[in-house]
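Worksheet: one structure, shown below.
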Amino acid sequence: MNHKQTLIAAGKILNDRAQEYGGEEACFKRISDLATIVLNKSISEYDVAMILHCVKLGRLQEARNKDDSYIDGVNYLAFASQFSNQFDSIATAIEDDVAAMAAKLAPVNRGEQK
């Protein structure tokens with residue numbers, strides 16, 4: 001398979017998967033939510049895409065001629081690129097959540113006396 005065939009196949013797979021499993025954003029969100037619960041630490045959609053890409057890289061060690069690993073790897077990197085800009089919004093959301101918890105658990109009485 002040459003590089004153009006790989007990219008064409010990657011695009012076709014995306015369309016097929018969307019019909020089979022639904023939109024990729026919702027799917028990656030479900031996976032990241034589940035992984036967060038299982039691992040007991042925050043896992044983003046970006047993290048999921050990079051881990052899945054690593055799975056494909058690991059499989060290539062044993063089977064360098066498996067087109068499927070290259071095709072899926074291209075798509076997982078594309079998803080990682082798409083989700084890479086979510087870090088800022090995730091950090092802001094976490095900061096907002098921490099601030100809300102702090103205000104609830106340790107309210108600050110500024111100048112107020114009882």
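Each chain in the structure tokens gets a letter, A, B and so on, in the order shown; residues start at 1 in every chain, and ligands are counted from 1 in the order they appear.
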
**Request:** With a distance cut-off of 7 Å and only C-alpha atoms, select the neighbouring residues of region 20-32 of chain A, excluding the residue or stretch itself and same-chain residues fewer than 3 positions from it, and output the selection as a PyMOL selection string.
**Result:** chain A and resi 16-17+35-36+43-45+48

**Item:** Exercise: region 58-71 of chain A partners within 12 Å, only C-alpha atoms, chain neighbours under 6 positions left out, as a PyMOL selection string
**Value:** chain A and resi 1-14+51-52+77-78

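Among the candidates A:Val55, A:Ala100, A:Met50, A:Leu105, the one nearest to Gln82 (chain A) when counting only C-alpha atoms is A:Met50.
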
**Gap from CA of Asp97 (chain A) to CA of Ser42 (chain A) - Å, one decimal** = 13.4 Å

**Request:** Rank nothing, just name the residue among A:Val98, A:Ala103, A:Cys54, A:Ala49 nearest to Ala80 (chain A), using only C-alpha atoms.
**Result:** A:Ala49

**Message:** Can you measure CA of Ser84 (chain A) to CA of Asp47 (chain A) for me? One decimal in Å is fine.
**Reply:** 9.1 Å

**Request:** Apply DSSP to the structure's backbone, then extract all residues of chain A labelled alpha helix (DSSP H) and return them as number ranges by chain.
**Result:** A: 3-21, 24-39, 45-60, 67-83, 86-105

Selection export as a compact mmCIF listing (two decimals), in the first residue's frame, atoms kept: C-alpha atoms:
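The new file out.txt reads:
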```txt
# COMPACT_ATOMS: atom_id res chain seq x y z
CA HIS A 3 0.92 6.60 1.19
CA LYS A 4 -2.02 7.82 -0.92
CA GLN A 5 -3.80 4.49 -0.59
CA THR A 6 -3.21 4.58 3.17
CA LEU A 7 -4.75 8.05 3.47
CA ILE A 8 -7.72 7.13 1.26
CA ALA A 9 -8.33 3.99 3.31
CA ALA A 10 -8.05 6.01 6.55
CA GLY A 11 -10.76 8.40 5.31
CA LYS A 12 -13.03 5.53 4.30
CA ILE A 13 -12.61 3.85 7.69
CA LEU A 14 -13.62 7.08 9.43
CA ASN A 15 -16.89 7.19 7.51
CA ASP A 16 -17.58 3.51 8.16
CA ARG A 17 -16.84 3.82 11.88
CA ALA A 18 -19.02 6.91 12.28
CA GLN A 19 -21.98 5.00 10.87
CA GLU A 20 -21.24 1.97 13.03
CA TYR A 21 -20.34 3.64 16.36
CA GLU A 24 -15.99 10.22 17.04
CA GLU A 25 -16.16 13.05 19.57
CA ALA A 26 -18.91 11.32 21.57
CA CYS A 27 -17.10 7.98 21.31
CA PHE A 28 -13.77 9.36 22.50
CA LYS A 29 -15.57 11.19 25.32
CA ARG A 30 -17.22 7.94 26.48
CA ILE A 31 -13.87 6.17 26.37
CA SER A 32 -12.11 8.95 28.30
CA ASP A 33 -14.89 9.00 30.93
CA LEU A 34 -14.64 5.22 31.39
CA ALA A 35 -10.83 5.30 31.52
CA THR A 36 -11.00 8.09 34.12
CA ILE A 37 -13.18 5.90 36.33
CA VAL A 38 -11.12 2.73 35.84
CA LEU A 39 -7.74 4.42 36.35
CA GLU A 45 -9.88 12.36 24.68
CA TYR A 46 -6.38 13.36 23.54
CA ASP A 47 -4.88 10.79 25.92
CA VAL A 48 -7.19 8.10 24.53
CA ALA A 49 -6.19 8.89 20.94
CA MET A 50 -2.48 8.78 21.81
CA ILE A 51 -2.85 5.50 23.72
CA LEU A 52 -4.71 3.91 20.81
CA HIS A 53 -1.97 5.15 18.46
CA CYS A 54 0.58 3.51 20.76
CA VAL A 55 -1.36 0.24 20.52
CA LYS A 56 -0.98 0.38 16.74
CA LEU A 57 2.73 1.18 17.02
CA GLY A 58 3.18 -1.73 19.39
CA ARG A 59 1.45 -4.10 17.00
CA LEU A 60 3.69 -2.98 14.14
CA ASP A 67 -1.98 -2.11 6.61
CA ASP A 68 -4.68 -1.87 9.25
CA SER A 69 -2.17 -0.66 11.87
CA TYR A 70 -0.94 2.14 9.62
CA ILE A 71 -4.46 3.18 8.62
CA ASP A 72 -5.76 3.25 12.18
CA GLY A 73 -2.55 4.92 13.38
CA VAL A 74 -3.07 7.79 10.91
CA ASN A 75 -6.61 8.25 12.18
CA TYR A 76 -5.64 8.16 15.85
CA LEU A 77 -3.00 10.84 15.26
CA ALA A 78 -5.59 12.93 13.43
CA PHE A 79 -7.92 12.60 16.42
CA ALA A 80 -5.10 13.53 18.78
CA SER A 81 -4.53 16.67 16.70
CA GLN A 82 -8.24 17.49 16.87
CA PHE A 83 -8.39 17.00 20.64
CA GLN A 86 -8.91 20.86 24.55
CA PHE A 87 -6.14 21.16 27.16
CA ASP A 88 -6.89 24.83 27.80
CA SER A 89 -10.61 24.25 28.30
CA ILE A 90 -9.97 21.19 30.50
CA ALA A 91 -7.52 23.11 32.69
CA THR A 92 -9.99 25.99 33.05
CA ALA A 93 -12.81 23.60 33.95
CA ILE A 94 -10.65 21.87 36.57
CA GLU A 95 -9.60 25.22 38.06
CA ASP A 96 -13.26 26.30 38.22
CA ASP A 97 -14.23 23.02 39.91
CA VAL A 98 -11.43 23.33 42.48
CA ALA A 99 -12.36 26.95 43.20
CA ALA A 100 -16.02 25.99 43.68
CA MET A 101 -15.08 23.14 46.05
CA ALA A 102 -12.75 25.41 48.00
CA ALA A 103 -15.43 28.07 48.34
CA LYS A 104 -17.90 25.47 49.57
CA LEU A 105 -15.56 23.64 51.96
```
